[in-house]
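Remarks on the structure that follows.
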Amino acid sequence: DPANAEPVPIFAGGCFWCVEADFDKVPGVLSTTSGYIGGSVPNPTYQQVSAGGTGHAEAVRIVFDPSRVSYEGLLKVFWHNIDPLTPNAQFCDVGSQYRSAIFYLNPRQKQLAEDSKTAVERHFAPRRVATEIASAGEFYPAEEYHQDYYRKHELKYEFYRWNCGRDARLKEVWGDEAGTPKESEIEFA
């Protein structure tokens, strides 16, 4: 199974409904799972995480086919779908549970994540990039009603995303590079 060739990336970029929707558009992404990572409470619930205080971030675990898209390509998609300049918040969602982060599962992922962050820091210099890079630890899948929320509740999701100002802020931060890059701009294997 090609999906087992490399550990699955785990990215936190604010509301996991949005992160999941963004990555599901990428050719070579086989599945996405919304969940919680980086905290101290085992098996946290959405209520616990969204209230803050558990230390978890809303995140998405991505299973991908490395013969179709590279980890580096996924990092590019990640950066262009977050606001890397705002600490402990993404768009209208405020609190450390909405922080942006790359959770690495091996030394190679850590190095590639750090290299990509360095490039993003150069792009935004002298402004500081707030996105953290951290060892993955335990990932807890979110409750079933959060999985594929953007598909199950399309109108509610679209309203939330618009109302939260996500796409407007991405355009402000990244300009024409905002959002999921075109296939020609993603590194494919």
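For the structure tokens, the naming scheme is as follows: chains receive sequential letters (A, B, ...) according to their order of presentation, residues are indexed from 1 within each chain, and ligands are indexed from 1 in presentation order.
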Near segment 167-179 of chain A, 9 Å: segment 80-155 of chain A residue rows, closest pairs, only C-alpha atoms, as CSV:
```
residue,atom,partner,partner_atom,distance
A:His80,CA,A:Ala178,CA,5.0
A:Asn81,CA,A:Gly179,CA,4.9
A:Ile82,CA,A:Leu170,CA,6.7
A:Asp83,CA,A:Leu170,CA,6.5
A:Pro84,CA,A:Val173,CA,8.6
A:Leu85,CA,A:Val173,CA,8.5
A:Phe91,CA,A:Arg169,CA,7.0
```
If we count only C-alpha atoms and set the cut-off at 12 Å, which residues sit around Thr118 of chain A, ignoring sequence neighbours fewer than 3 positions away in its own chain? Please answer as number ranges by chain. A: 79, 84, 111-115, 121-125, 128-133
Could those selected residues go to a file with C-alpha atoms, as a CSV table (one decimal), in the first residue's frame?
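This went into selection.csv:
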```csv
chain,number,residue,atom,x,y,z
A,79,TRP,CA,1.2,27.2,4.4
A,84,PRO,CA,1.2,31.9,9.8
A,111,GLN,CA,13.6,18.8,8.7
A,112,LEU,CA,11.3,19.4,5.8
A,113,ALA,CA,8.9,21.3,8.0
A,114,GLU,CA,11.7,23.4,9.5
A,115,ASP,CA,13.0,24.1,6.0
A,121,GLU,CA,9.9,33.4,7.4
A,122,ARG,CA,12.0,34.8,4.6
A,123,HIS,CA,8.9,35.5,2.6
A,124,PHE,CA,7.3,37.5,5.5
A,125,ALA,CA,10.5,39.0,7.1
A,128,ARG,CA,7.4,36.7,12.8
A,129,VAL,CA,5.9,33.4,11.8
A,130,ALA,CA,3.9,32.0,14.7
A,131,THR,CA,3.4,28.4,13.3
A,132,GLU,CA,4.9,25.8,15.6
A,133,ILE,CA,6.7,22.7,14.6
```
Please identify which residues in segment 11-123 of chain A DSSP calls helix (DSSP H, G or I) from the backbone, and express them as number ranges by chain. A: 16-24, 46-51, 71-79, 96-98, 107-123
Residue among A:Tyr104, A:Phe16, A:Tyr150, A:Phe159 lying closest to Val60 of chain A, counting only C-alpha atoms: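 Using only C-alpha atoms, Val60 of chain A sits closest to A:Phe16.
If only C-alpha atoms are the atoms counted, then among A:Ala136, A:Val77, A:Ala142, A:Val19 the closest residue to Gln47 of chain A is A:Ala142.
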For a test of reading the model, state the distance in Å between atom CA of Cys15 of chain A and atom CA of Tyr98 of chain A, rounded to one decimal.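 Atom CA of Tyr98 of chain A lies at a distance of 6.5 Å from atom CA of Cys15 of chain A.
The smallest atom-to-atom distance between Asn163 of chain A and any of A:Ala57, A:Ala51, A:Leu75, A:Cys92, using only C-alpha atoms, is found for A:Cys92.
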All residues 9 Å or closer to Tyr36 of chain A, only C-alpha atoms, same chain fewer than 6 positions away omitted, as a PyMOL selection string: chain A and resi 12+43-46+49+56-60+97+138-142
Residues of the last selection are to be written out with C-alpha atoms, as a CSV table (one decimal), in the first residue's frame.
```csv
chain,number,residue,atom,x,y,z
A,12,ALA,CA,-3.2,22.2,12.6
A,43,ASN,CA,-9.3,11.0,24.6
A,44,PRO,CA,-10.5,14.6,24.7
A,45,THR,CA,-13.9,15.6,23.5
A,46,TYR,CA,-14.7,18.5,21.2
A,49,VAL,CA,-10.8,21.0,23.3
A,56,HIS,CA,-4.8,20.2,22.2
A,57,ALA,CA,-5.0,21.8,18.8
A,58,GLU,CA,-7.7,21.0,16.2
A,59,ALA,CA,-5.8,19.2,13.5
A,60,VAL,CA,-6.1,17.0,10.4
A,97,GLN,CA,-6.7,25.1,20.3
A,138,GLU,CA,-1.0,11.0,20.3
A,139,PHE,CA,-3.6,12.0,17.7
A,140,TYR,CA,-7.2,11.5,18.7
A,141,PRO,CA,-9.8,11.4,15.9
A,142,ALA,CA,-12.7,13.8,16.5
```
Using backbone DSSP assignments, extract all strand (DSSP E) residues from segment 9-83 of chain A; output them as number ranges by chain. A: 10-13, 29-37, 57-64
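Nearest residue to Leu74 of chain A among A:Glu143, A:Asp148, A:Glu154, A:Asp22 is A:Asp22, counting only C-alpha atoms.
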For Thr54 of chain A, which residue out of A:Ser40, A:Ser135, A:Ser70, A:Asn106 is the nearest one, using only C-alpha atoms?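 Smallest distance to Thr54 of chain A is found for A:Ser40.
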Please indicate the distance in Å from atom CA of Asn88 of chain A to atom CA of Arg161 of chain A, rounded to one decimal place.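 Computing the Euclidean distance for atom CA of Asn88 of chain A and atom CA of Arg161 of chain A yields 18.2 Å.
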Students should find that atom CA of Gln147 of chain A and atom CA of Ser34 of chain A are spaced 6.0 Å
Compile the contact shell of Val29 of chain A as a ChimeraX atom specification: residues with an atom at most 10 Å away, counting only C-alpha atoms, same-chain residues fewer than 3 positions apart removed. /A:3,23-26,32,62-66,68-70,74
Would you mind exporting the chosen residues as a PDB file, in the first residue's frame, restricted to N, CA and C atoms?
```
ATOM      1  N   ALA A   3       0.228   4.253   0.607  1.00  0.00           N
ATOM      2  CA  ALA A   3      -0.082   5.181   1.693  1.00  0.00           C
ATOM      3  C   ALA A   3       0.745   4.881   2.941  1.00  0.00           C
ATOM      4  N   PHE A  23      -7.483  20.158   2.093  1.00  0.00           N
ATOM      5  CA  PHE A  23      -6.622  19.040   1.691  1.00  0.00           C
ATOM      6  C   PHE A  23      -7.348  17.997   0.852  1.00  0.00           C
ATOM      7  N   ASP A  24      -8.641  17.859   1.041  1.00  0.00           N
ATOM      8  CA  ASP A  24      -9.390  16.898   0.226  1.00  0.00           C
ATOM      9  C   ASP A  24      -9.370  17.273  -1.258  1.00  0.00           C
ATOM     10  N   LYS A  25      -9.056  18.524  -1.579  1.00  0.00           N
ATOM     11  CA  LYS A  25      -8.993  18.983  -2.974  1.00  0.00           C
ATOM     12  C   LYS A  25      -7.688  18.594  -3.657  1.00  0.00           C
ATOM     13  N   VAL A  26      -6.696  18.142  -2.889  1.00  0.00           N
ATOM     14  CA  VAL A  26      -5.355  17.921  -3.435  1.00  0.00           C
ATOM     15  C   VAL A  26      -5.253  16.527  -4.078  1.00  0.00           C
ATOM     16  N   THR A  32      -8.652  12.275   4.829  1.00  0.00           N
ATOM     17  CA  THR A  32      -8.322  13.230   5.887  1.00  0.00           C
ATOM     18  C   THR A  32      -9.168  12.875   7.102  1.00  0.00           C
ATOM     19  N   ILE A  62      -3.512  13.373   7.470  1.00  0.00           N
ATOM     20  CA  ILE A  62      -3.674  13.222   6.026  1.00  0.00           C
ATOM     21  C   ILE A  62      -2.980  11.958   5.533  1.00  0.00           C
ATOM     22  N   VAL A  63      -3.755  11.071   4.939  1.00  0.00           N
ATOM     23  CA  VAL A  63      -3.186   9.894   4.289  1.00  0.00           C
ATOM     24  C   VAL A  63      -3.045  10.251   2.816  1.00  0.00           C
ATOM     25  N   PHE A  64      -1.834  10.050   2.280  1.00  0.00           N
ATOM     26  CA  PHE A  64      -1.595  10.446   0.895  1.00  0.00           C
ATOM     27  C   PHE A  64      -0.793   9.382   0.164  1.00  0.00           C
ATOM     28  N   ASP A  65      -0.856   9.461  -1.142  1.00  0.00           N
ATOM     29  CA  ASP A  65      -0.118   8.548  -2.002  1.00  0.00           C
ATOM     30  C   ASP A  65       1.162   9.248  -2.443  1.00  0.00           C
ATOM     31  N   PRO A  66       2.319   8.855  -1.883  1.00  0.00           N
ATOM     32  CA  PRO A  66       3.568   9.555  -2.192  1.00  0.00           C
ATOM     33  C   PRO A  66       4.020   9.401  -3.640  1.00  0.00           C
ATOM     34  N   ARG A  68       1.982  10.180  -5.920  1.00  0.00           N
ATOM     35  CA  ARG A  68       1.193  11.237  -6.576  1.00  0.00           C
ATOM     36  C   ARG A  68       1.460  12.628  -6.028  1.00  0.00           C
ATOM     37  N   VAL A  69       1.758  12.738  -4.734  1.00  0.00           N
ATOM     38  CA  VAL A  69       2.054  14.045  -4.135  1.00  0.00           C
ATOM     39  C   VAL A  69       3.106  13.836  -3.049  1.00  0.00           C
ATOM     40  N   SER A  70       4.022  14.788  -2.941  1.00  0.00           N
ATOM     41  CA  SER A  70       5.095  14.675  -1.951  1.00  0.00           C
ATOM     42  C   SER A  70       4.693  15.345  -0.636  1.00  0.00           C
ATOM     43  N   LEU A  74       2.532  18.830   0.167  1.00  0.00           N
ATOM     44  CA  LEU A  74       1.503  19.010   1.187  1.00  0.00           C
ATOM     45  C   LEU A  74       1.845  20.173   2.109  1.00  0.00           C
TER      46      LEU A  74
END
```
